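Data file: query-v4.cif. Format and content: mmCIF, C-alpha atoms and all ligand atoms.
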```cif
data_my_file
#
loop_
_atom_site.label_atom_id
_atom_site.label_comp_id
_atom_site.auth_asym_id
_atom_site.auth_seq_id
_atom_site.Cartn_x
_atom_site.Cartn_y
_atom_site.Cartn_z
CA MET A 1 14.89 7.12 3.93
CA LYS A 2 12.79 4.05 4.66
CA LEU A 3 12.20 2.79 1.13
CA GLN A 4 13.67 3.60 -2.24
CA VAL A 5 12.35 2.05 -5.44
CA ARG A 6 14.26 2.69 -8.66
CA ASN A 7 13.31 1.78 -12.24
CA LEU A 8 11.26 -1.19 -11.13
CA GLU A 9 9.93 -3.41 -13.91
CA LYS A 10 7.85 -6.54 -13.71
CA CYS A 11 6.04 -8.62 -16.27
CA PHE A 12 4.25 -11.97 -16.09
CA THR A 13 4.02 -14.71 -18.66
CA ASP A 14 0.91 -16.75 -18.22
CA LYS A 15 0.22 -19.67 -20.60
CA GLY A 16 2.15 -18.01 -23.37
CA THR A 17 0.62 -14.54 -22.88
CA TYR A 18 2.96 -11.81 -21.82
CA VAL A 19 1.62 -9.10 -19.47
CA ASN A 20 3.74 -6.06 -18.79
CA VAL A 21 2.60 -4.92 -15.31
CA LEU A 22 5.14 -2.48 -13.84
CA ALA A 23 7.07 -0.14 -16.10
CA ASP A 24 9.77 1.97 -14.53
CA ILE A 25 8.33 2.65 -11.06
CA ASN A 26 10.27 5.16 -8.95
CA LEU A 27 9.29 5.85 -5.38
CA ASP A 28 10.78 7.28 -2.17
CA VAL A 29 9.18 6.84 1.22
CA TYR A 30 10.63 8.64 4.24
CA ASP A 31 10.86 7.44 7.85
CA GLY A 32 7.53 7.71 9.63
CA GLU A 33 5.68 8.79 6.49
CA PHE A 34 2.14 7.74 5.55
CA VAL A 35 1.98 7.33 1.77
CA SER A 36 -1.03 6.20 -0.26
CA VAL A 37 -0.88 4.70 -3.73
CA ILE A 38 -3.91 4.95 -6.01
CA GLY A 39 -4.39 3.74 -9.55
CA PRO A 40 -6.90 2.05 -11.85
CA SER A 41 -7.99 -1.51 -11.09
CA GLY A 42 -5.53 -4.06 -12.45
CA CYS A 43 -2.74 -1.52 -12.96
CA GLY A 44 -0.26 -3.40 -10.78
CA LYS A 45 -0.69 -2.06 -7.22
CA THR A 46 -0.71 -5.47 -5.54
CA THR A 47 2.22 -6.55 -7.73
CA LEU A 48 4.14 -3.48 -6.53
CA LEU A 49 3.53 -4.41 -2.87
CA ASN A 50 4.46 -8.03 -3.60
CA CYS A 51 7.78 -6.84 -5.02
CA ILE A 52 8.43 -4.48 -2.07
CA SER A 53 7.71 -7.21 0.46
CA GLY A 54 9.80 -9.80 -1.40
CA LEU A 55 6.94 -12.13 -2.40
CA GLU A 56 7.71 -11.42 -6.07
CA GLU A 57 11.06 -10.69 -7.65
CA PRO A 58 11.11 -7.73 -10.05
CA ASP A 59 12.59 -8.27 -13.54
CA SER A 60 14.80 -5.24 -13.13
CA GLY A 61 15.29 -2.22 -10.88
CA LEU A 62 16.28 -1.65 -7.27
CA ILE A 63 14.40 -1.85 -3.98
CA ASN A 64 16.26 -0.48 -0.95
CA ILE A 65 14.88 -0.77 2.55
CA GLU A 66 16.60 1.53 5.05
CA GLY A 67 19.41 2.21 2.64
CA GLU A 68 20.31 -1.44 2.07
CA GLU A 69 19.77 -3.12 -1.22
CA SER A 70 18.14 -6.08 0.32
CA GLN A 71 18.20 -9.32 -1.62
CA SER A 72 16.03 -11.04 0.94
CA ARG A 73 13.21 -8.62 1.67
CA LEU A 74 10.92 -11.36 2.93
CA GLY A 75 10.12 -10.70 6.56
CA ARG A 76 11.42 -7.11 6.54
CA VAL A 77 8.06 -5.61 5.65
CA GLY A 78 4.78 -6.00 7.55
CA TYR A 79 2.27 -6.92 4.86
CA MET A 80 -1.50 -6.89 5.18
CA PRO A 81 -2.80 -8.49 1.97
CA GLN A 82 -5.93 -7.52 0.03
CA LYS A 83 -7.91 -10.37 1.64
CA ASP A 84 -7.79 -10.60 5.43
CA LEU A 85 -6.79 -14.29 5.37
CA LEU A 86 -7.78 -15.16 8.90
CA PHE A 87 -7.68 -18.88 9.61
CA PRO A 88 -11.21 -19.97 10.60
CA TRP A 89 -10.00 -22.73 12.90
CA ARG A 90 -7.67 -20.49 14.88
CA THR A 91 -8.96 -18.22 17.65
CA VAL A 92 -8.70 -14.43 17.38
CA LEU A 93 -5.64 -14.50 19.64
CA GLU A 94 -3.96 -17.28 17.64
CA ASN A 95 -4.65 -15.47 14.39
CA ALA A 96 -3.17 -12.26 15.80
CA LEU A 97 -0.07 -14.17 16.93
CA LEU A 98 0.62 -15.74 13.56
CA GLY A 99 3.01 -13.05 12.30
CA MET A 100 5.11 -13.25 15.45
CA GLU A 101 5.10 -17.06 15.35
CA ILE A 102 6.38 -17.04 11.79
CA ARG A 103 9.14 -14.65 12.81
CA GLY A 104 10.18 -16.98 15.59
CA HIS A 105 9.24 -14.88 18.64
CA SER A 106 8.68 -16.83 21.84
CA ARG A 107 5.09 -17.89 22.42
CA ILE A 108 4.94 -16.55 25.95
CA GLU A 109 6.29 -13.14 24.97
CA SER A 110 3.92 -12.95 21.97
CA ARG A 111 0.86 -13.85 24.03
CA LYS A 112 1.73 -11.23 26.63
CA ARG A 113 2.12 -8.57 23.94
CA ALA A 114 -1.12 -9.60 22.21
CA GLY A 115 -2.99 -9.53 25.52
CA GLU A 116 -1.87 -5.94 26.05
CA LEU A 117 -2.97 -4.89 22.56
CA MET A 118 -6.41 -6.56 22.46
CA GLU A 119 -8.17 -3.66 24.14
CA ARG A 120 -6.46 -1.08 21.98
CA PHE A 121 -7.62 -2.93 18.87
CA GLY A 122 -11.17 -3.19 20.22
CA LEU A 123 -10.97 -6.98 20.52
CA ASP A 124 -10.92 -7.60 24.26
CA GLY A 125 -13.34 -10.30 25.25
CA PHE A 126 -12.96 -11.98 21.83
CA GLU A 127 -9.50 -13.50 22.34
CA TYR A 128 -10.77 -17.07 22.42
CA LYS A 129 -13.54 -16.77 19.81
CA THR A 130 -13.07 -17.81 16.20
CA PRO A 131 -13.25 -15.26 13.35
CA SER A 132 -16.71 -16.52 12.32
CA VAL A 133 -18.34 -14.54 15.15
CA LEU A 134 -16.58 -11.25 14.31
CA SER A 135 -17.95 -8.30 12.33
CA GLY A 136 -16.14 -7.18 9.15
CA GLY A 137 -14.46 -4.30 10.99
CA MET A 138 -13.30 -6.61 13.78
CA ARG A 139 -11.82 -9.08 11.27
CA GLN A 140 -9.88 -6.20 9.74
CA ARG A 141 -8.59 -5.23 13.18
CA VAL A 142 -7.34 -8.77 13.84
CA ALA A 143 -5.52 -8.68 10.50
CA PHE A 144 -4.11 -5.22 11.37
CA MET A 145 -3.03 -6.43 14.76
CA ARG A 146 -1.24 -9.39 13.20
CA THR A 147 0.57 -7.02 10.85
CA LEU A 148 1.40 -4.31 13.38
CA MET A 149 2.45 -6.62 16.23
CA THR A 150 5.54 -7.80 14.44
CA ASP A 151 8.45 -5.44 14.81
CA GLN A 152 8.81 -4.32 11.21
CA GLU A 153 8.82 -0.56 10.85
CA LEU A 154 7.63 -0.53 7.25
CA ILE A 155 4.01 -1.63 6.92
CA VAL A 156 2.24 -2.09 3.58
CA LEU A 157 -1.56 -2.37 3.48
CA ASP A 158 -3.43 -3.49 0.37
CA GLU A 159 -6.92 -1.92 0.30
CA PRO A 160 -7.65 -2.79 3.92
CA PHE A 161 -11.01 -0.98 4.02
CA GLY A 162 -12.41 -1.99 0.63
CA ALA A 163 -15.04 -4.39 1.95
CA LEU A 164 -16.31 -2.28 4.86
CA ASP A 165 -19.45 -0.13 5.01
CA ALA A 166 -18.85 3.63 4.91
CA PHE A 167 -19.38 4.21 8.64
CA THR A 168 -17.06 1.41 9.78
CA ARG A 169 -14.54 2.50 7.17
CA HIS A 170 -14.36 6.04 8.60
CA GLN A 171 -13.99 4.68 12.12
CA MET A 172 -11.21 2.35 11.02
CA GLN A 173 -9.43 5.13 9.10
CA GLU A 174 -9.32 7.38 12.18
CA TRP A 175 -8.20 4.47 14.25
CA LEU A 176 -5.39 3.58 11.80
CA VAL A 177 -4.06 7.14 11.88
CA ASP A 178 -4.03 7.06 15.71
CA ILE A 179 -2.12 3.77 15.67
CA TRP A 180 0.30 5.05 13.02
CA SER A 181 1.08 8.26 14.90
CA SER A 182 1.54 6.51 18.24
CA MET A 183 3.55 3.51 17.01
CA GLY A 184 5.93 5.47 14.76
CA LYS A 185 5.58 3.09 11.78
CA THR A 186 6.03 3.98 8.11
CA ILE A 187 2.94 3.09 6.12
CA ILE A 188 2.22 2.49 2.43
CA LEU A 189 -1.51 2.14 1.81
CA ILE A 190 -3.08 1.01 -1.45
CA THR A 191 -6.57 2.36 -1.99
CA HIS A 192 -9.12 3.09 -4.71
CA ASP A 193 -10.64 5.84 -2.64
CA VAL A 194 -9.37 9.39 -3.24
CA ASP A 195 -11.00 10.78 -0.05
CA GLU A 196 -9.37 8.03 2.00
CA ALA A 197 -5.95 8.74 0.47
CA LEU A 198 -6.26 12.48 1.25
CA LEU A 199 -7.64 12.02 4.77
CA LEU A 200 -4.85 9.64 5.82
CA SER A 201 -1.67 10.46 3.93
CA ASP A 202 1.29 12.79 3.91
CA ARG A 203 1.67 12.09 0.19
CA VAL A 204 -0.46 10.44 -2.49
CA ILE A 205 1.09 8.66 -5.46
CA VAL A 206 -1.05 8.15 -8.57
CA LEU A 207 -0.14 5.29 -10.89
CA THR A 208 -0.98 5.09 -14.59
CA ALA A 209 -2.99 2.22 -16.06
CA ARG A 210 -1.00 -0.97 -16.77
CA PRO A 211 1.91 -1.06 -17.27
CA ALA A 212 2.07 1.16 -14.20
CA SER A 213 4.45 4.03 -13.71
CA VAL A 214 4.16 7.01 -11.36
CA LYS A 215 1.92 9.62 -12.94
CA LEU A 216 1.62 12.20 -10.17
CA VAL A 217 2.83 12.75 -6.60
CA VAL A 218 0.75 15.07 -4.44
CA ASN A 219 1.89 16.44 -1.07
CA VAL A 220 -1.07 16.63 1.28
CA GLY A 221 -0.40 19.64 3.45
CA LEU A 222 -3.75 19.49 5.27
CA PRO A 223 -3.45 19.94 9.05
CA ARG A 224 -3.81 16.93 11.37
CA PRO A 225 -5.83 15.60 13.06
CA ARG A 226 -8.04 15.28 9.99
CA ARG A 227 -11.70 14.57 10.35
CA TYR A 228 -14.14 13.32 7.76
CA ARG A 229 -15.98 16.65 7.60
CA MET A 230 -12.83 18.15 5.97
CA VAL A 231 -13.87 16.58 2.66
CA THR A 232 -15.94 19.72 1.97
CA ASP A 233 -13.07 22.20 2.68
CA THR A 234 -11.78 24.19 -0.28
CA ALA A 235 -8.18 22.99 0.18
CA PHE A 236 -9.34 19.37 0.27
CA ILE A 237 -11.44 19.77 -2.87
CA ALA A 238 -8.53 21.38 -4.75
CA LEU A 239 -6.31 18.36 -3.99
CA LYS A 240 -9.09 15.96 -4.85
CA GLU A 241 -9.58 17.61 -8.24
CA GLN A 242 -5.88 17.21 -8.99
CA LEU A 243 -5.99 13.50 -8.13
CA ILE A 244 -9.18 12.78 -10.04
CA ARG A 245 -7.89 14.58 -13.11
CA ALA A 246 -4.69 12.48 -13.01
CA LEU A 247 -6.65 9.26 -12.51
CA TRP A 248 -9.04 9.88 -15.38
CA SER A 249 -6.87 11.61 -17.96
CA ASP A 250 -5.32 9.54 -20.74
CA GLU A 251 -2.03 11.36 -21.03
CA VAL A 252 0.88 9.62 -19.38
N1 LIG B 1 1.12 -14.26 -10.72
C1 LIG B 1 0.60 -13.68 -11.82
N2 LIG B 1 0.66 -14.28 -13.03
C2 LIG B 1 0.16 -13.68 -14.13
N3 LIG B 1 -0.42 -12.47 -14.14
C3 LIG B 1 -0.50 -11.81 -12.97
C4 LIG B 1 -0.01 -12.38 -11.75
N4 LIG B 1 -0.24 -11.49 -10.73
C5 LIG B 1 -0.85 -10.44 -11.30
N5 LIG B 1 -1.00 -10.61 -12.64
C6 LIG B 1 -1.59 -9.65 -13.59
O1 LIG B 1 -0.98 -8.39 -13.35
C7 LIG B 1 -1.92 -7.35 -13.51
C8 LIG B 1 -1.91 -6.47 -12.27
O2 LIG B 1 -2.43 -7.20 -11.16
P1 LIG B 1 -2.48 -6.58 -9.70
O3 LIG B 1 -3.14 -7.56 -8.83
O4 LIG B 1 -1.11 -6.12 -9.32
O5 LIG B 1 -3.40 -5.29 -9.95
P2 LIG B 1 -4.06 -4.29 -8.89
O6 LIG B 1 -3.69 -2.90 -9.34
O7 LIG B 1 -3.70 -4.68 -7.51
O8 LIG B 1 -5.62 -4.53 -9.15
P3 LIG B 1 -6.86 -4.31 -8.14
O9 LIG B 1 -7.04 -2.82 -8.03
O10 LIG B 1 -7.99 -4.94 -8.86
O11 LIG B 1 -6.52 -4.97 -6.86
C9 LIG B 1 -3.27 -8.01 -13.79
O12 LIG B 1 -3.46 -7.96 -15.19
C10 LIG B 1 -3.07 -9.44 -13.35
O13 LIG B 1 -3.83 -10.31 -14.13
MG MG B 2 -4.78 -5.36 -5.92
#
```

Can I see the file as structure tokens?
Ligand SMILES: Nc1ncnc2c1ncn2[C@@H]1O[C@H](COP(=O)(O)OP(=O)(O)OP(=O)(O)O)[C@@H](O)[C@H]1O
Ligand SMILES: [Mg+2]
Amino acid sequence: MKLQVRNLEKCFTDKGTYVNVLADINLDVYDGEFVSVIGPSGCGKTTLLNCISGLEEPDSGLINIEGEESQSRLGRVGYMPQKDLLFPWRTVLENALLGMEIRGHSRIESRKRAGELMERFGLDGFEYKTPSVLSGGMRQRVAFMRTLMTDQELIVLDEPFGALDAFTRHQMQEWLVDIWSSMGKTIILITHDVDEALLLSDRVIVLTARPASVKLVVNVGLPRPRRYRMVTDTAFIALKEQLIRALWSDEV
């Protein structure tokens, strides 16, 4: 088991207003699994990832990574935040190296590793450019590279494709699945997009509106490799109906 979340609760108090965000979240993610989490906007998805990665402390509940109840989760999870957060004054290579730098890897070793990965991430030739000359898809790939280059096995991605046009998004989705299957990582992906969740994941977890709890877990038994044209298959549509019904129904 890579990640176990039990009875997780989190609320915020902001200028005297109390917001209950996560209510009793329970979640298991297995080694090497690709899990997507979908839920209404503002329900607490980013807060959940912040708790898993150690950026926020939950009010109550347990988060175990690889069987250990880890008090200091910071640095144990590769986190790609909702915004790509590339530094405009750093080159593509220096941006990609940031995660390894923070984790204290040697500069020479990191540069060598980054050099080897540039081509695979479709960034060769751009190592010494700044992010301002990159397309949206390329910026995402630099942010992915920064997240995947560190040696964490659990990677959490917060709506990485939200800002991309449909064509680039499909290319990046196929590319992410290739990377996931060849690098043996465990991935938790937050998305608004039901098709994306079904095309990429082994399981899809639907959250309720705020305060979020798990409303439905769907096993996606569709064969791999999955291609975009599968969205019209009967089996795909049946799963999609189940997810949409859970997302839009009011019952908890
Ligand atoms: N640091 C904070 N202080 C106060 N309130 C917060 C804080 N972080 C998040 N919230 C509130 O928690 C709720 C959930 O926010 P969160 O960003 O987790 O939602 P989300 O599901 O990721 O939304 P979206 O789909 O729009 O990205 C929101 O009402 C937000 O205002
Ligand atoms: Mg969010």

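Considering all atoms listed in the file, the residues that reside within 12 Å of ligand MG 2 (chain B) can be listed as Val21, Val37, Ile38, Gly39, Pro40, Ser41, Gly42, Cys43, Gly44, Lys45, Thr46, Thr47, Leu48, Leu49, Asn50, Met80, Pro81, Gln82, Lys83, Leu157, Asp158, Glu159, Pro160, Gly162, Leu189, Ile190, Thr191 and His192 of chain A.
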
Given the selection you just returned, output its residues as a file containing C-alpha atoms, formatted as a PDB file, keeping the file's coordinate frame.
```
ATOM      1  CA  VAL A  21       2.600  -4.920 -15.310  1.00  0.00           C
ATOM      2  CA  VAL A  37      -0.880   4.700  -3.730  1.00  0.00           C
ATOM      3  CA  ILE A  38      -3.910   4.950  -6.010  1.00  0.00           C
ATOM      4  CA  GLY A  39      -4.390   3.740  -9.550  1.00  0.00           C
ATOM      5  CA  PRO A  40      -6.900   2.050 -11.850  1.00  0.00           C
ATOM      6  CA  SER A  41      -7.990  -1.510 -11.090  1.00  0.00           C
ATOM      7  CA  GLY A  42      -5.530  -4.060 -12.450  1.00  0.00           C
ATOM      8  CA  CYS A  43      -2.740  -1.520 -12.960  1.00  0.00           C
ATOM      9  CA  GLY A  44      -0.260  -3.400 -10.780  1.00  0.00           C
ATOM     10  CA  LYS A  45      -0.690  -2.060  -7.220  1.00  0.00           C
ATOM     11  CA  THR A  46      -0.710  -5.470  -5.540  1.00  0.00           C
ATOM     12  CA  THR A  47       2.220  -6.550  -7.730  1.00  0.00           C
ATOM     13  CA  LEU A  48       4.140  -3.480  -6.530  1.00  0.00           C
ATOM     14  CA  LEU A  49       3.530  -4.410  -2.870  1.00  0.00           C
ATOM     15  CA  ASN A  50       4.460  -8.030  -3.600  1.00  0.00           C
ATOM     16  CA  MET A  80      -1.500  -6.890   5.180  1.00  0.00           C
ATOM     17  CA  PRO A  81      -2.800  -8.490   1.970  1.00  0.00           C
ATOM     18  CA  GLN A  82      -5.930  -7.520   0.030  1.00  0.00           C
ATOM     19  CA  LYS A  83      -7.910 -10.370   1.640  1.00  0.00           C
ATOM     20  CA  LEU A 157      -1.560  -2.370   3.480  1.00  0.00           C
ATOM     21  CA  ASP A 158      -3.430  -3.490   0.370  1.00  0.00           C
ATOM     22  CA  GLU A 159      -6.920  -1.920   0.300  1.00  0.00           C
ATOM     23  CA  PRO A 160      -7.650  -2.790   3.920  1.00  0.00           C
ATOM     24  CA  GLY A 162     -12.410  -1.990   0.630  1.00  0.00           C
ATOM     25  CA  LEU A 189      -1.510   2.140   1.810  1.00  0.00           C
ATOM     26  CA  ILE A 190      -3.080   1.010  -1.450  1.00  0.00           C
ATOM     27  CA  THR A 191      -6.570   2.360  -1.990  1.00  0.00           C
ATOM     28  CA  HIS A 192      -9.120   3.090  -4.710  1.00  0.00           C
TER      29      HIS A 192
END
```

What is the atom CA of A:Gly104-atom CA of A:Pro131 distance in Å, reported with one decimal? 23.6 Å

Can you list, as number ranges by chain, every protein, DNA or RNA residue that comes within 8 Å of A:Val206 when you count all atoms listed in the file, leaving out same-chain residues fewer than 4 positions away? A: 37-39, 214-217, 243, 246-247

Would you please work out which residue, of A:Lys129, A:Arg73, A:Lys240, A:Arg111, is nearest to A:Asp193 when using only C-alpha atoms?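 Under the stated criterion, the closest residue is A:Lys240.
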
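When atom CA of A:Thr186 is paired with atom CA of A:Ala212, their separation reads 22.8 Å.
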
Which residue of A:Leu176, A:Val156, A:Ile52, A:Leu239 approaches A:Val204 most closely, using only C-alpha atoms: A:Leu239

How many Å lie between atom CA of A:Gly32 and atom CA of A:Leu154, rounded to one decimal?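 Atom CA of A:Leu154 lies at a distance of 8.6 Å from atom CA of A:Gly32.
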
List the neighbours of A:Asp233 out to 12 Å using only C-alpha atoms; skip same-chain residues closer than 5 positions along the sequence, and give me the result as a list of chain:residue names. A:Asp195, A:Leu198, A:Leu199, A:Leu222, A:Pro223, A:Arg226, A:Arg227, A:Tyr228, A:Ala238, A:Leu239, A:Lys240

Top pick for closest residue to ligand LIG 1 (chain B), considering A:Asn219, A:Ser213, A:Ser60, A:Ser201 and counting all atoms listed in the file: A:Ser213

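The smallest atom-to-atom distance between A:Asn20 and any of A:Glu57, A:Thr147, A:Ala235, A:Ala209, using only C-alpha atoms, is found for A:Ala209.
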
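Using only C-alpha atoms, the smallest distance between any of A:Asp250, A:Glu116, A:Glu94, A:Asp84 and A:Gly137 comes from A:Asp84.
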
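Shortest separation to A:Val133 among A:Pro58, A:Val92, A:Met230, A:Glu33 occurs at residue A:Val92, atoms counted being all atoms listed in the file.
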
List every protein, DNA or RNA residue that has an atom no more than 12 Å from (11.1, -9.8, -3.1) in the file's coordinate frame, counting all atoms listed in the file, and report them as number ranges by chain. A: 8, 10, 47-65, 69-77

With the input short on atoms, add N, CA and C atoms back to stretch 127-157 of chain A and write it as a PDB file, keeping the file's coordinate frame.
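Output file part-v9.pdb follows:
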```pdb
ATOM      1  N   GLU A 127     -10.777 -12.806  22.535  1.00  0.00           N
ATOM      2  CA  GLU A 127      -9.500 -13.500  22.340  1.00  0.00           C
ATOM      3  C   GLU A 127      -9.683 -14.963  21.956  1.00  0.00           C
ATOM      4  N   TYR A 128     -10.661 -15.616  22.603  1.00  0.00           N
ATOM      5  CA  TYR A 128     -10.770 -17.070  22.420  1.00  0.00           C
ATOM      6  C   TYR A 128     -11.926 -17.466  21.504  1.00  0.00           C
ATOM      7  N   LYS A 129     -12.508 -16.472  20.810  1.00  0.00           N
ATOM      8  CA  LYS A 129     -13.540 -16.770  19.810  1.00  0.00           C
ATOM      9  C   LYS A 129     -12.862 -17.039  18.465  1.00  0.00           C
ATOM     10  N   THR A 130     -13.630 -17.639  17.549  1.00  0.00           N
ATOM     11  CA  THR A 130     -13.070 -17.810  16.200  1.00  0.00           C
ATOM     12  C   THR A 130     -13.562 -16.657  15.316  1.00  0.00           C
ATOM     13  N   PRO A 131     -12.884 -16.401  14.188  1.00  0.00           N
ATOM     14  CA  PRO A 131     -13.250 -15.260  13.350  1.00  0.00           C
ATOM     15  C   PRO A 131     -14.701 -15.278  12.871  1.00  0.00           C
ATOM     16  N   SER A 132     -15.343 -16.445  12.843  1.00  0.00           N
ATOM     17  CA  SER A 132     -16.710 -16.520  12.320  1.00  0.00           C
ATOM     18  C   SER A 132     -17.688 -15.643  13.103  1.00  0.00           C
ATOM     19  N   VAL A 133     -17.396 -15.344  14.367  1.00  0.00           N
ATOM     20  CA  VAL A 133     -18.340 -14.540  15.150  1.00  0.00           C
ATOM     21  C   VAL A 133     -18.008 -13.043  15.090  1.00  0.00           C
ATOM     22  N   LEU A 134     -16.983 -12.658  14.336  1.00  0.00           N
ATOM     23  CA  LEU A 134     -16.580 -11.250  14.310  1.00  0.00           C
ATOM     24  C   LEU A 134     -17.294 -10.485  13.191  1.00  0.00           C
ATOM     25  N   SER A 135     -17.438  -9.166  13.396  1.00  0.00           N
ATOM     26  CA  SER A 135     -17.950  -8.300  12.330  1.00  0.00           C
ATOM     27  C   SER A 135     -16.805  -8.044  11.335  1.00  0.00           C
ATOM     28  N   GLY A 136     -17.157  -7.474  10.163  1.00  0.00           N
ATOM     29  CA  GLY A 136     -16.140  -7.180   9.150  1.00  0.00           C
ATOM     30  C   GLY A 136     -15.040  -6.277   9.691  1.00  0.00           C
ATOM     31  N   GLY A 137     -15.444  -5.234  10.433  1.00  0.00           N
ATOM     32  CA  GLY A 137     -14.460  -4.300  10.990  1.00  0.00           C
ATOM     33  C   GLY A 137     -13.543  -4.987  11.995  1.00  0.00           C
ATOM     34  N   MET A 138     -14.116  -5.893  12.789  1.00  0.00           N
ATOM     35  CA  MET A 138     -13.300  -6.610  13.780  1.00  0.00           C
ATOM     36  C   MET A 138     -12.307  -7.545  13.094  1.00  0.00           C
ATOM     37  N   ARG A 139     -12.740  -8.203  12.029  1.00  0.00           N
ATOM     38  CA  ARG A 139     -11.820  -9.080  11.270  1.00  0.00           C
ATOM     39  C   ARG A 139     -10.636  -8.270  10.755  1.00  0.00           C
ATOM     40  N   GLN A 140     -10.950  -7.058  10.243  1.00  0.00           N
ATOM     41  CA  GLN A 140      -9.880  -6.200   9.740  1.00  0.00           C
ATOM     42  C   GLN A 140      -8.908  -5.863  10.867  1.00  0.00           C
ATOM     43  N   ARG A 141      -9.468  -5.615  12.066  1.00  0.00           N
ATOM     44  CA  ARG A 141      -8.590  -5.230  13.180  1.00  0.00           C
ATOM     45  C   ARG A 141      -7.696  -6.381  13.609  1.00  0.00           C
ATOM     46  N   VAL A 142      -8.205  -7.620  13.517  1.00  0.00           N
ATOM     47  CA  VAL A 142      -7.340  -8.770  13.840  1.00  0.00           C
ATOM     48  C   VAL A 142      -6.193  -8.832  12.819  1.00  0.00           C
ATOM     49  N   ALA A 143      -6.555  -8.631  11.543  1.00  0.00           N
ATOM     50  CA  ALA A 143      -5.520  -8.680  10.500  1.00  0.00           C
ATOM     51  C   ALA A 143      -4.509  -7.535  10.693  1.00  0.00           C
ATOM     52  N   PHE A 144      -5.010  -6.347  11.070  1.00  0.00           N
ATOM     53  CA  PHE A 144      -4.110  -5.220  11.370  1.00  0.00           C
ATOM     54  C   PHE A 144      -3.199  -5.564  12.537  1.00  0.00           C
ATOM     55  N   MET A 145      -3.805  -6.136  13.553  1.00  0.00           N
ATOM     56  CA  MET A 145      -3.030  -6.430  14.760  1.00  0.00           C
ATOM     57  C   MET A 145      -1.908  -7.403  14.417  1.00  0.00           C
ATOM     58  N   ARG A 146      -2.248  -8.408  13.608  1.00  0.00           N
ATOM     59  CA  ARG A 146      -1.240  -9.390  13.200  1.00  0.00           C
ATOM     60  C   ARG A 146      -0.092  -8.691  12.458  1.00  0.00           C
ATOM     61  N   THR A 147      -0.454  -7.714  11.624  1.00  0.00           N
ATOM     62  CA  THR A 147       0.570  -7.020  10.850  1.00  0.00           C
ATOM     63  C   THR A 147       1.395  -6.065  11.720  1.00  0.00           C
ATOM     64  N   LEU A 148       0.709  -5.356  12.613  1.00  0.00           N
ATOM     65  CA  LEU A 148       1.400  -4.310  13.380  1.00  0.00           C
ATOM     66  C   LEU A 148       2.164  -4.861  14.585  1.00  0.00           C
ATOM     67  N   MET A 149       1.800  -6.062  15.042  1.00  0.00           N
ATOM     68  CA  MET A 149       2.450  -6.620  16.230  1.00  0.00           C
ATOM     69  C   MET A 149       3.880  -7.056  15.970  1.00  0.00           C
ATOM     70  N   THR A 150       4.171  -7.397  14.735  1.00  0.00           N
ATOM     71  CA  THR A 150       5.540  -7.800  14.440  1.00  0.00           C
ATOM     72  C   THR A 150       6.374  -6.527  14.488  1.00  0.00           C
ATOM     73  N   ASP A 151       7.692  -6.659  14.543  1.00  0.00           N
ATOM     74  CA  ASP A 151       8.450  -5.440  14.810  1.00  0.00           C
ATOM     75  C   ASP A 151       8.921  -4.702  13.561  1.00  0.00           C
ATOM     76  N   GLN A 152       8.385  -5.061  12.401  1.00  0.00           N
ATOM     77  CA  GLN A 152       8.810  -4.320  11.210  1.00  0.00           C
ATOM     78  C   GLN A 152       8.337  -2.876  11.292  1.00  0.00           C
ATOM     79  N   GLU A 153       9.198  -1.977  10.799  1.00  0.00           N
ATOM     80  CA  GLU A 153       8.820  -0.560  10.850  1.00  0.00           C
ATOM     81  C   GLU A 153       8.090  -0.127   9.595  1.00  0.00           C
ATOM     82  N   LEU A 154       8.307  -0.867   8.503  1.00  0.00           N
ATOM     83  CA  LEU A 154       7.630  -0.530   7.250  1.00  0.00           C
ATOM     84  C   LEU A 154       6.426  -1.465   7.085  1.00  0.00           C
ATOM     85  N   ILE A 155       5.246  -0.852   7.001  1.00  0.00           N
ATOM     86  CA  ILE A 155       4.010  -1.630   6.920  1.00  0.00           C
ATOM     87  C   ILE A 155       3.333  -1.305   5.584  1.00  0.00           C
ATOM     88  N   VAL A 156       2.958  -2.330   4.835  1.00  0.00           N
ATOM     89  CA  VAL A 156       2.240  -2.090   3.580  1.00  0.00           C
ATOM     90  C   VAL A 156       0.849  -2.722   3.668  1.00  0.00           C
ATOM     91  N   LEU A 157      -0.169  -1.947   3.312  1.00  0.00           N
ATOM     92  CA  LEU A 157      -1.560  -2.370   3.480  1.00  0.00           C
ATOM     93  C   LEU A 157      -2.255  -2.313   2.130  1.00  0.00           C
TER      94      LEU A 157
END
```
